[in-house]
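input-v9.cif follows (mmCIF, C-alpha atoms and all ligand atoms):
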```cif
data_query
#
loop_
_atom_site.label_atom_id
_atom_site.label_comp_id
_atom_site.auth_asym_id
_atom_site.auth_seq_id
_atom_site.Cartn_x
_atom_site.Cartn_y
_atom_site.Cartn_z
CA LYS A 59 18.80 -82.98 -30.31
CA LYS A 60 19.08 -82.15 -34.00
CA LYS A 61 22.38 -80.52 -34.94
CA ILE A 62 22.51 -77.97 -37.74
CA ALA A 63 25.72 -76.55 -39.17
CA ILE A 64 26.05 -73.18 -40.87
CA MET A 65 28.88 -72.16 -43.16
CA THR A 66 29.89 -69.43 -45.59
CA SER A 67 31.80 -70.35 -48.75
CA GLY A 68 33.27 -68.86 -51.92
CA GLY A 69 33.57 -65.10 -52.33
CA ASP A 70 32.43 -63.14 -49.26
CA SER A 71 29.55 -60.71 -49.42
CA PRO A 72 28.03 -58.17 -47.02
CA GLY A 73 25.17 -59.82 -45.15
CA MET A 74 26.85 -63.19 -44.59
CA ASN A 75 27.19 -62.44 -40.88
CA GLY A 76 23.50 -61.60 -40.75
CA VAL A 77 22.83 -65.03 -42.25
CA VAL A 78 24.96 -66.80 -39.67
CA ARG A 79 23.32 -64.88 -36.83
CA ALA A 80 19.80 -65.62 -38.08
CA CYS A 81 20.50 -69.32 -38.67
CA VAL A 82 22.22 -69.85 -35.32
CA ARG A 83 19.43 -68.17 -33.40
CA MET A 84 16.59 -69.73 -35.37
CA ALA A 85 18.18 -73.17 -34.92
CA ILE A 86 18.39 -72.62 -31.16
CA HIS A 87 14.86 -71.24 -31.14
CA MET A 88 13.67 -74.45 -32.84
CA GLY A 89 15.30 -76.55 -30.13
CA CYS A 90 18.35 -77.59 -32.16
CA ASP A 91 22.07 -77.28 -31.54
CA ALA A 92 23.76 -74.79 -33.87
CA TYR A 93 27.28 -75.28 -35.21
CA CYS A 94 29.44 -73.06 -37.37
CA VAL A 95 31.89 -74.49 -39.86
CA TYR A 96 34.80 -72.04 -40.13
CA GLU A 97 36.74 -71.41 -43.39
CA GLY A 98 34.13 -72.79 -45.80
CA TYR A 99 34.55 -76.36 -47.04
CA GLU A 100 38.09 -76.35 -45.68
CA GLY A 101 36.53 -76.48 -42.20
CA LEU A 102 34.45 -79.52 -43.08
CA VAL A 103 37.42 -81.31 -44.63
CA GLN A 104 39.79 -80.55 -41.74
CA GLY A 105 37.29 -80.72 -38.88
CA GLY A 106 38.74 -80.26 -35.39
CA ASP A 107 38.17 -76.82 -33.95
CA LEU A 108 36.99 -75.49 -37.32
CA ILE A 109 33.58 -76.95 -36.41
CA ARG A 110 32.29 -75.14 -33.34
CA LYS A 111 29.07 -75.19 -31.37
CA MET A 112 27.50 -71.74 -31.19
CA GLU A 113 25.37 -70.18 -28.50
CA TRP A 114 22.82 -67.39 -28.78
CA HIS A 115 25.26 -64.74 -27.52
CA ASP A 116 28.12 -65.86 -29.81
CA VAL A 117 26.52 -64.01 -32.74
CA ARG A 118 25.57 -60.87 -30.86
CA GLY A 119 26.23 -57.72 -32.91
CA TRP A 120 26.96 -59.66 -36.10
CA LEU A 121 24.26 -57.90 -38.17
CA SER A 122 26.36 -54.79 -38.45
CA GLU A 123 29.68 -56.51 -39.23
CA GLY A 124 31.02 -56.68 -42.78
CA GLY A 125 32.57 -59.71 -44.49
CA THR A 126 32.13 -63.09 -42.83
CA LEU A 127 33.38 -63.61 -39.28
CA ILE A 128 33.45 -67.41 -39.61
CA GLY A 129 35.75 -67.09 -42.60
CA THR A 130 35.41 -68.37 -46.13
CA ALA A 131 37.79 -70.10 -48.49
CA ARG A 132 38.18 -71.75 -51.83
CA CYS A 133 38.82 -75.39 -51.03
CA MET A 134 40.49 -77.56 -53.66
CA ALA A 135 40.13 -80.75 -51.58
CA PHE A 136 36.33 -80.57 -51.71
CA TYR A 137 36.36 -80.91 -55.51
CA GLU A 138 37.74 -84.45 -54.99
CA ARG A 139 36.00 -87.42 -53.42
CA PRO A 140 38.64 -88.02 -50.69
CA GLY A 141 38.05 -84.45 -49.49
CA ARG A 142 34.31 -84.99 -49.36
CA LEU A 143 34.87 -88.32 -47.58
CA ALA A 144 36.87 -86.52 -44.88
CA ALA A 145 34.07 -83.93 -44.67
CA ALA A 146 31.45 -86.65 -44.17
CA LYS A 147 33.55 -88.25 -41.44
CA ASN A 148 33.93 -84.95 -39.59
CA MET A 149 30.22 -84.31 -39.78
CA ILE A 150 29.39 -87.69 -38.29
CA LEU A 151 32.00 -87.21 -35.57
CA ASN A 152 30.17 -84.01 -34.63
CA GLY A 153 26.72 -85.59 -35.00
CA ILE A 154 25.72 -83.23 -37.82
CA ASP A 155 23.50 -84.24 -40.74
CA ALA A 156 22.07 -80.90 -41.79
CA ILE A 157 23.94 -77.92 -43.25
CA ILE A 158 23.00 -74.45 -44.38
CA ILE A 159 25.48 -72.98 -46.85
CA CYS A 160 25.69 -69.36 -47.86
CA GLY A 161 27.76 -68.88 -51.00
CA GLY A 162 27.77 -68.49 -54.76
CA ASP A 163 26.73 -70.99 -57.40
CA GLY A 164 30.03 -72.89 -57.08
CA SER A 165 29.56 -73.49 -53.36
CA LEU A 166 25.94 -74.48 -53.85
CA THR A 167 26.82 -76.89 -56.67
CA GLY A 168 29.39 -78.50 -54.36
CA ALA A 169 26.70 -78.83 -51.69
CA ASP A 170 24.30 -80.59 -54.02
CA ARG A 171 27.03 -82.97 -55.12
CA PHE A 172 27.89 -83.74 -51.49
CA ARG A 173 24.27 -84.48 -50.69
CA ALA A 174 23.85 -86.78 -53.70
CA GLU A 175 27.02 -88.66 -52.79
CA TRP A 176 26.28 -88.91 -49.07
CA PRO A 177 24.96 -92.52 -48.95
CA SER A 178 27.98 -93.83 -50.84
CA LEU A 179 30.35 -91.81 -48.65
CA LEU A 180 28.78 -93.44 -45.58
CA ASP A 181 29.20 -96.90 -47.13
CA GLU A 182 32.84 -96.17 -47.80
CA LEU A 183 33.43 -94.96 -44.24
CA VAL A 184 31.89 -98.16 -42.90
CA SER A 185 33.84 -100.39 -45.29
CA LYS A 186 37.05 -98.65 -44.26
CA GLY A 187 36.23 -99.38 -40.63
CA GLU A 188 35.90 -95.71 -39.62
CA PHE A 189 32.41 -96.34 -38.20
CA LYS A 190 30.28 -99.33 -37.32
CA PRO A 191 26.98 -99.59 -39.24
CA GLU A 192 24.99 -98.83 -36.08
CA GLN A 193 26.97 -95.60 -35.58
CA ILE A 194 25.76 -94.16 -38.88
CA GLU A 195 22.22 -95.47 -38.54
CA SER A 196 20.75 -92.03 -37.80
CA PHE A 197 22.83 -90.22 -40.44
CA LYS A 198 21.32 -91.87 -43.49
CA HIS A 199 20.31 -88.63 -45.18
CA LEU A 200 22.06 -85.34 -45.49
CA ASN A 201 19.89 -82.24 -45.59
CA ILE A 202 21.36 -79.19 -47.24
CA VAL A 203 19.83 -75.80 -47.89
CA GLY A 204 21.52 -73.00 -49.82
CA LEU A 205 21.46 -69.25 -49.34
CA VAL A 206 22.88 -67.12 -52.10
CA GLY A 207 25.59 -64.77 -50.93
CA SER A 208 27.09 -62.82 -53.82
CA ILE A 209 27.68 -59.17 -54.61
CA ASP A 210 27.12 -59.75 -58.34
CA ASN A 211 23.43 -60.74 -58.18
CA ASP A 212 24.36 -63.50 -60.55
CA LEU A 213 22.10 -66.40 -59.67
CA SER A 214 19.03 -67.11 -61.75
CA GLY A 215 15.72 -67.52 -60.00
CA THR A 216 16.10 -64.92 -57.27
CA ASP A 217 15.60 -61.19 -57.62
CA ALA A 218 18.45 -60.31 -55.28
CA THR A 219 21.40 -62.17 -53.79
CA ILE A 220 22.56 -61.34 -50.28
CA GLY A 221 25.13 -58.56 -50.62
CA CYS A 222 24.29 -57.15 -54.05
CA TYR A 223 22.50 -54.06 -52.76
CA SER A 224 25.36 -53.27 -50.38
CA ALA A 225 27.85 -53.42 -53.26
CA LEU A 226 25.55 -51.30 -55.40
CA ALA A 227 25.21 -48.70 -52.65
CA ARG A 228 29.00 -48.60 -52.28
CA ILE A 229 29.46 -48.08 -56.03
CA CYS A 230 26.90 -45.26 -56.07
CA TYR A 231 28.64 -43.59 -53.16
CA ALA A 232 32.02 -43.86 -54.92
CA VAL A 233 30.61 -42.47 -58.17
CA ASP A 234 29.11 -39.51 -56.26
CA LEU A 235 32.55 -38.76 -54.84
CA ILE A 236 34.16 -38.98 -58.25
CA GLU A 237 31.48 -36.84 -59.85
CA ALA A 238 32.30 -33.89 -57.63
CA THR A 239 35.92 -33.82 -58.73
CA ALA A 240 35.07 -34.72 -62.35
CA SER A 241 32.71 -31.76 -62.57
CA SER A 242 35.21 -29.36 -61.05
CA HIS A 243 37.83 -30.15 -63.69
CA SER A 244 35.38 -30.99 -66.46
CA ARG A 245 36.94 -34.44 -66.61
CA ALA A 246 35.84 -37.86 -67.81
CA PHE A 247 36.09 -40.94 -65.60
CA VAL A 248 36.00 -44.56 -66.62
CA ILE A 249 34.90 -46.53 -63.56
CA GLU A 250 35.43 -50.27 -63.49
CA VAL A 251 33.06 -52.24 -61.29
CA MET A 252 32.91 -55.95 -60.42
CA GLY A 253 30.92 -58.43 -62.50
CA ARG A 254 32.80 -60.96 -64.63
CA HIS A 255 29.80 -62.72 -66.09
CA CYS A 256 26.97 -60.56 -64.88
CA GLY A 257 26.43 -56.87 -65.60
CA TRP A 258 23.80 -56.26 -62.93
CA LEU A 259 26.05 -54.07 -60.75
CA ALA A 260 27.27 -51.97 -63.69
CA LEU A 261 23.81 -51.61 -65.20
CA MET A 262 22.06 -50.67 -61.97
CA ALA A 263 24.89 -48.34 -60.96
CA GLY A 264 24.48 -46.67 -64.36
CA VAL A 265 20.78 -46.15 -63.73
CA ALA A 266 21.29 -45.02 -60.14
CA THR A 267 24.01 -42.48 -60.94
CA GLY A 268 22.86 -41.31 -64.36
CA ALA A 269 26.09 -42.42 -66.01
CA ASP A 270 26.71 -41.38 -69.61
CA PHE A 271 27.49 -44.87 -70.85
CA VAL A 272 27.59 -48.43 -69.46
CA PHE A 273 29.40 -51.56 -70.68
CA ILE A 274 28.17 -55.00 -69.54
CA PRO A 275 28.90 -58.58 -70.64
CA GLU A 276 25.32 -59.51 -71.62
CA LYS A 277 24.46 -56.72 -74.00
CA PRO A 278 27.31 -55.08 -75.83
CA SER A 279 26.21 -51.83 -77.42
CA GLU A 280 26.02 -51.33 -81.20
CA HIS A 281 28.41 -53.05 -83.58
CA ASN A 282 30.57 -49.99 -83.38
CA TRP A 283 30.56 -49.13 -79.68
CA LYS A 284 33.27 -46.53 -80.26
CA GLU A 285 31.09 -44.46 -82.56
CA GLU A 286 28.06 -44.90 -80.33
CA MET A 287 29.83 -43.84 -77.15
CA TYR A 288 31.52 -40.94 -78.95
CA ARG A 289 28.18 -39.65 -80.22
CA ILE A 290 26.41 -39.93 -76.87
CA VAL A 291 29.20 -38.37 -74.82
CA GLN A 292 29.50 -35.56 -77.35
CA GLU A 293 25.74 -34.90 -77.17
CA HIS A 294 25.83 -34.79 -73.38
CA ARG A 295 28.75 -32.37 -73.45
CA LYS A 296 26.88 -30.15 -75.92
CA LEU A 297 23.99 -30.05 -73.44
CA GLY A 298 26.37 -28.48 -70.97
CA LYS A 299 27.46 -31.47 -68.89
CA ARG A 300 30.83 -30.80 -67.26
CA LYS A 301 31.50 -34.39 -66.34
CA THR A 302 31.48 -37.70 -68.14
CA ILE A 303 31.01 -40.98 -66.29
CA VAL A 304 31.40 -44.30 -68.07
CA ILE A 305 30.79 -47.45 -66.03
CA ILE A 306 32.37 -50.66 -67.22
CA ALA A 307 31.84 -54.15 -65.81
CA GLU A 308 34.97 -56.30 -65.43
CA GLY A 309 33.63 -58.72 -68.00
CA ALA A 310 32.48 -56.15 -70.61
CA LEU A 311 32.52 -57.48 -74.18
CA ASP A 312 32.01 -56.09 -77.65
CA ARG A 313 29.70 -57.66 -80.27
CA GLN A 314 32.55 -59.85 -81.50
CA GLY A 315 33.00 -61.23 -77.98
CA LYS A 316 36.28 -59.37 -77.44
CA LYS A 317 36.99 -57.80 -74.08
CA ILE A 318 36.51 -54.04 -73.75
CA THR A 319 39.02 -52.66 -71.25
CA PRO A 320 38.93 -49.39 -69.29
CA THR A 321 42.10 -48.33 -71.14
CA MET A 322 40.40 -48.76 -74.52
CA VAL A 323 37.52 -46.58 -73.34
CA LYS A 324 39.88 -44.01 -71.84
CA ASP A 325 41.93 -43.76 -75.03
CA LEU A 326 38.82 -43.02 -77.01
CA LEU A 327 37.53 -40.36 -74.62
CA ALA A 328 40.96 -38.73 -74.45
CA ASP A 329 41.74 -38.87 -78.19
CA LYS A 330 43.00 -35.41 -79.16
CA ASN A 331 41.43 -35.74 -82.60
CA GLY A 332 38.07 -36.60 -81.10
CA LEU A 333 36.52 -35.74 -77.74
CA GLY A 334 39.89 -34.83 -76.23
CA LEU A 335 38.67 -35.17 -72.65
CA ASP A 336 41.00 -35.21 -69.68
CA THR A 337 40.21 -38.79 -68.69
CA ARG A 338 41.04 -40.94 -65.65
CA ILE A 339 40.40 -44.56 -64.82
CA THR A 340 39.17 -45.61 -61.38
CA THR A 341 39.00 -49.31 -60.52
CA LEU A 342 36.76 -49.66 -57.50
CA GLY A 343 37.99 -53.17 -56.62
CA HIS A 344 37.39 -54.66 -53.20
CA VAL A 345 35.80 -51.60 -51.61
CA GLN A 346 32.67 -52.88 -53.38
CA ARG A 347 32.79 -56.10 -51.40
CA GLY A 348 33.85 -54.82 -48.02
CA GLY A 349 32.07 -52.84 -45.36
CA THR A 350 28.79 -53.33 -43.61
CA ALA A 351 25.59 -54.51 -45.22
CA VAL A 352 22.87 -52.02 -46.17
CA ALA A 353 19.48 -52.40 -44.47
CA TYR A 354 18.05 -54.41 -47.38
CA ASP A 355 20.78 -57.05 -47.17
CA ARG A 356 20.41 -57.33 -43.38
CA MET A 357 16.69 -57.84 -43.84
CA LEU A 358 17.23 -60.40 -46.61
CA ALA A 359 19.89 -62.24 -44.59
CA THR A 360 17.63 -62.45 -41.56
CA LEU A 361 14.41 -63.49 -43.29
CA GLN A 362 16.17 -65.97 -45.55
CA GLY A 363 18.22 -67.36 -42.66
CA VAL A 364 15.02 -68.07 -40.72
CA GLU A 365 13.47 -69.73 -43.78
CA ALA A 366 16.61 -71.81 -44.36
CA VAL A 367 16.38 -73.34 -40.88
CA LYS A 368 12.71 -74.18 -41.44
CA ALA A 369 13.57 -75.69 -44.84
CA VAL A 370 16.41 -77.82 -43.52
CA LEU A 371 14.19 -79.17 -40.73
CA GLU A 372 11.38 -79.98 -43.15
CA ALA A 373 13.56 -81.53 -45.87
CA THR A 374 13.03 -85.21 -46.61
CA PRO A 375 15.18 -87.64 -48.63
CA GLU A 376 12.70 -87.18 -51.48
CA THR A 377 12.84 -83.38 -51.70
CA LYS A 378 15.32 -81.81 -54.08
CA THR A 379 18.09 -79.67 -52.60
CA CYS A 380 16.61 -76.20 -52.33
CA PHE A 381 17.84 -72.66 -51.94
CA ILE A 382 16.05 -69.67 -50.50
CA ALA A 383 15.09 -67.04 -53.05
CA ILE A 384 13.28 -63.72 -53.01
CA THR A 385 10.75 -63.35 -55.81
CA GLU A 386 8.35 -60.43 -56.00
CA ASN A 387 9.21 -59.60 -52.41
CA LYS A 388 8.37 -63.07 -51.14
CA ILE A 389 10.90 -65.33 -49.45
CA ILE A 390 10.48 -68.73 -51.06
CA ARG A 391 12.20 -72.11 -51.51
CA LYS A 392 13.28 -73.17 -54.98
CA PRO A 393 15.07 -76.20 -56.43
CA LEU A 394 18.76 -75.38 -56.36
CA MET A 395 20.13 -77.13 -59.40
CA GLU A 396 17.52 -75.69 -61.77
CA ALA A 397 18.64 -72.19 -60.80
CA VAL A 398 22.29 -73.19 -61.27
CA GLN A 399 21.47 -74.63 -64.71
CA ASP A 400 19.61 -71.46 -65.75
CA THR A 401 22.57 -69.37 -64.62
CA LYS A 402 24.93 -71.55 -66.67
CA GLN A 403 22.68 -71.07 -69.70
CA VAL A 404 23.18 -67.30 -69.54
CA SER A 405 26.97 -67.73 -69.21
CA SER A 406 27.14 -70.12 -72.13
CA ALA A 407 25.00 -67.80 -74.29
CA ILE A 408 27.55 -65.05 -73.55
CA GLU A 409 30.41 -67.42 -74.40
CA ARG A 410 28.72 -68.23 -77.71
CA GLN A 411 28.35 -64.48 -78.24
CA ASP A 412 24.61 -64.86 -78.41
CA PHE A 413 24.08 -61.64 -76.51
CA ASP A 414 20.42 -61.29 -77.42
CA GLU A 415 19.71 -64.70 -75.96
CA ALA A 416 21.74 -63.91 -72.84
CA MET A 417 19.80 -60.70 -72.32
CA GLY A 418 16.52 -62.47 -73.03
CA LEU A 419 17.35 -65.10 -70.43
CA ARG A 420 18.11 -62.43 -67.85
CA ASP A 421 14.89 -60.60 -68.74
CA ALA A 422 12.96 -63.81 -68.25
CA GLU A 423 14.51 -63.98 -64.82
CA PHE A 424 13.25 -60.51 -63.96
CA SER A 425 9.72 -61.31 -65.07
CA GLU A 426 9.68 -64.83 -63.63
P1 LIG A 501 31.32 -69.33 -55.32
O1 LIG A 501 30.61 -70.18 -54.31
O2 LIG A 501 31.44 -67.92 -54.85
O3 LIG A 501 30.73 -69.49 -56.70
P2 LIG A 501 33.59 -71.09 -56.00
O4 LIG A 501 33.04 -71.47 -57.33
O5 LIG A 501 35.03 -70.80 -55.89
O6 LIG A 501 32.85 -69.82 -55.37
O7 LIG A 501 33.23 -72.28 -54.98
C1 LIG A 501 33.65 -72.24 -53.64
C2 LIG A 501 34.07 -73.61 -53.16
O8 LIG A 501 32.99 -74.53 -53.31
C3 LIG A 501 35.20 -74.23 -53.96
O9 LIG A 501 36.46 -73.77 -53.53
C4 LIG A 501 35.00 -75.71 -53.69
O10 LIG A 501 35.51 -76.05 -52.42
C5 LIG A 501 33.48 -75.83 -53.64
N1 LIG A 501 32.94 -76.24 -54.96
C6 LIG A 501 32.61 -75.45 -56.01
N2 LIG A 501 32.16 -76.18 -57.05
C7 LIG A 501 32.22 -77.47 -56.67
C8 LIG A 501 31.90 -78.73 -57.29
N3 LIG A 501 31.44 -78.80 -58.53
N4 LIG A 501 32.12 -79.85 -56.57
C9 LIG A 501 32.57 -79.81 -55.31
N5 LIG A 501 32.89 -78.68 -54.68
C10 LIG A 501 32.72 -77.51 -55.32
#
```

Turn the structure described in the file into structure tokens.
Amino acid sequence: KKKIAIMTSGGDSPGMNGVVRACVRMAIHMGCDAYCVYEGYEGLVQGGDLIRKMEWHDVRGWLSEGGTLIGTARCMAFYERPGRLAAAKNMILNGIDAIIICGGDGSLTGADRFRAEWPSLLDELVSKGEFKPEQIESFKHLNIVGLVGSIDNDLSGTDATIGCYSALARICYAVDLIEATASSHSRAFVIEVMGRHCGWLALMAGVATGADFVFIPEKPSEHNWKEEMYRIVQEHRKLGKRKTIVIIAEGALDRQGKKITPTMVKDLLADKNGLGLDTRITTLGHVQRGGTAVAYDRMLATLQGVEAVKAVLEATPETKTCFIAITENKIIRKPLMEAVQDTKQVSSAIERQDFDEAMGLRDAEFSE
């Protein structure tokens, strides 16, 4: 019987439990044994009871649970070859040569590296006397498929990552709550949302809540953002708006590549010689990440989980490591490392302060 392992890795996101449920059940449906690796790569490296066989009923009710019930972790050991060697040994001990990983681009890069290294890891295990050649005969190839779990929607090549719409919904809900009190007191609020390298959450939250101004890493506003924001907020106030909402991504930058902080924005809105608004800062933090997944993420987790099991069963030594994307509402397989490279290109354009290029690259992604 083929044995397939499922794990979650890196930052958690709503929908990861839906992924695990779908993969476990699809694997069983396809006549395979399903295993869960607990605590991300740490579970592979340590083995033991962190690798557990799962039955159909073990994942009952998981669609409506937030976070990831099998745990996730950042694992330093997996960055080093000895850690990956221990992981390979534990997989063989459990009879597993196929893994589905749900995580961000870091986790997926690690997975691709592991797969590429697999034959040499096996050789090393044999030369160290851990296994006899005949014991690893049927483990010659490692099949890995990635699923993108991230609240930031920060991987190129897919329209939505699992969890991003849940985080967006949570932000919108929080902004609605803030708006009521802002309006009552005629106040301004600077709301910081997650997104270190990717402004998708901030931008879409701005659209969805009708915010007055948005700061994102990819496209800093005019050369003088202070003047621009001042003018726009003032115009809105003149139109009779009793509240001002400015949304700022964690990684917001100005045209010179310097960080724009919520305090800088607050000081400007509150400046007695300028707008003079009673201004507060709200950092949404981990409420954006927690909680249950919205319907869209449950649907995505389920459909992509099913596709991931099919992909891992159909993978051959010749096929590139793939991940499951959604493009124009279709669930499809795509080469993993190309998407990771495209994502890196956007980040490096931002680092070089080539914001127009960064924005162009993200646009290309939308129209792909
Ligand atoms: P995310 O998957 O959310 O991007 P990280 O970048 O922290 O999060 O990656 C999660 C884990 O994946 C790391 O702690 C590490 O164990 C593994 N990993 C990430 N990048 C690599 C890599 N280049 N080589 C090996 N393992 C990696």

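When only C-alpha atoms are used to measure the gap to Thr350 in chain A, the shortest distance among A:Ala174, A:Ala227, A:Met417, A:Leu151 belongs to A:Ala227.
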
- Hey, which of A:Pro393, A:Gly334, A:Pro278, A:Gly76 ends up closest to Arg313 in chain A? Count all atoms listed in the file. A:Pro278

- Task: Identify, counting all atoms listed in the file, the protein, DNA and RNA residues located within 8 Å of ligand LIG 501 (chain A), and give them as an NGL selection string.
- Result: :A and (67-70 or 98-100 or 131-138 or 161-169 or 171-172 or 207-208)

Just need the box for range 60-68 of chain A, edges along x, y and z, holding every atom the file lists for it with 6 Å tacked onto each side, so centre and edge lengths in Å to one decimal, as JSON.
```
{"center_x": 26.2, "center_y": -75.5, "center_z": -43.0, "size_x": 26.2, "size_y": 25.3, "size_z": 29.9}
```

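Note that the spacing between CA of Asp234 in chain A and CA of Val272 in chain A amounts to 16.0 Å.
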
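Checking A:Gln104, A:Ile109, A:Lys388, A:Lys60 one by one against Asp91 in chain A, counting only C-alpha atoms, you find the shortest gap at A:Lys60.
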
- Go through A:Lys378, A:Lys277, A:His294, A:Lys198 and flag the residue nearest Phe413 in chain A, using only C-alpha atoms for the distances. A:Lys277

So that I can look at just that part, could you write range 344-378 of chain A with C-alpha atoms, as a JSON list (two decimals), in the first residue's frame?
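Ended up saving to out-v1.json:
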```json
[["chain", "number", "residue", "atom", "x", "y", "z"],
["A", 344, "HIS", "CA", -2.43, 37.92, 15.10],
["A", 345, "VAL", "CA", -6.22, 38.23, 15.06],
["A", 346, "GLN", "CA", -5.70, 38.35, 11.29],
["A", 347, "ARG", "CA", -4.16, 34.89, 11.32],
["A", 348, "GLY", "CA", -6.35, 33.17, 13.86],
["A", 349, "GLY", "CA", -9.92, 31.97, 13.78],
["A", 350, "THR", "CA", -11.80, 29.78, 11.39],
["A", 351, "ALA", "CA", -11.46, 29.81, 7.64],
["A", 352, "VAL", "CA", -14.05, 31.60, 5.49],
["A", 353, "ALA", "CA", -16.04, 29.49, 3.01],
["A", 354, "TYR", "CA", -13.68, 30.34, 0.14],
["A", 355, "ASP", "CA", -10.62, 29.04, 1.98],
["A", 356, "ARG", "CA", -12.42, 25.84, 3.00],
["A", 357, "MET", "CA", -13.39, 25.29, -0.61],
["A", 358, "LEU", "CA", -9.85, 26.03, -1.82],
["A", 359, "ALA", "CA", -8.31, 23.78, 0.84],
["A", 360, "THR", "CA", -10.60, 20.91, -0.08],
["A", 361, "LEU", "CA", -10.33, 21.12, -3.87],
["A", 362, "GLN", "CA", -6.58, 21.70, -3.78],
["A", 363, "GLY", "CA", -6.07, 18.93, -1.22],
["A", 364, "VAL", "CA", -7.85, 16.46, -3.52],
["A", 365, "GLU", "CA", -5.74, 17.62, -6.47],
["A", 366, "ALA", "CA", -2.53, 17.34, -4.42],
["A", 367, "VAL", "CA", -3.17, 13.66, -3.70],
["A", 368, "LYS", "CA", -3.82, 13.00, -7.40],
["A", 369, "ALA", "CA", -0.64, 14.91, -8.29],
["A", 370, "VAL", "CA", 1.54, 13.06, -5.81],
["A", 371, "LEU", "CA", 0.26, 9.71, -7.08],
["A", 372, "GLU", "CA", 0.87, 10.67, -10.70],
["A", 373, "ALA", "CA", 4.30, 12.23, -10.18],
["A", 374, "THR", "CA", 7.25, 10.54, -11.86],
["A", 375, "PRO", "CA", 10.99, 11.02, -11.33],
["A", 376, "GLU", "CA", 10.99, 13.13, -14.49],
["A", 377, "THR", "CA", 8.27, 15.60, -13.49],
["A", 378, "LYS", "CA", 9.29, 18.80, -11.77]]
```
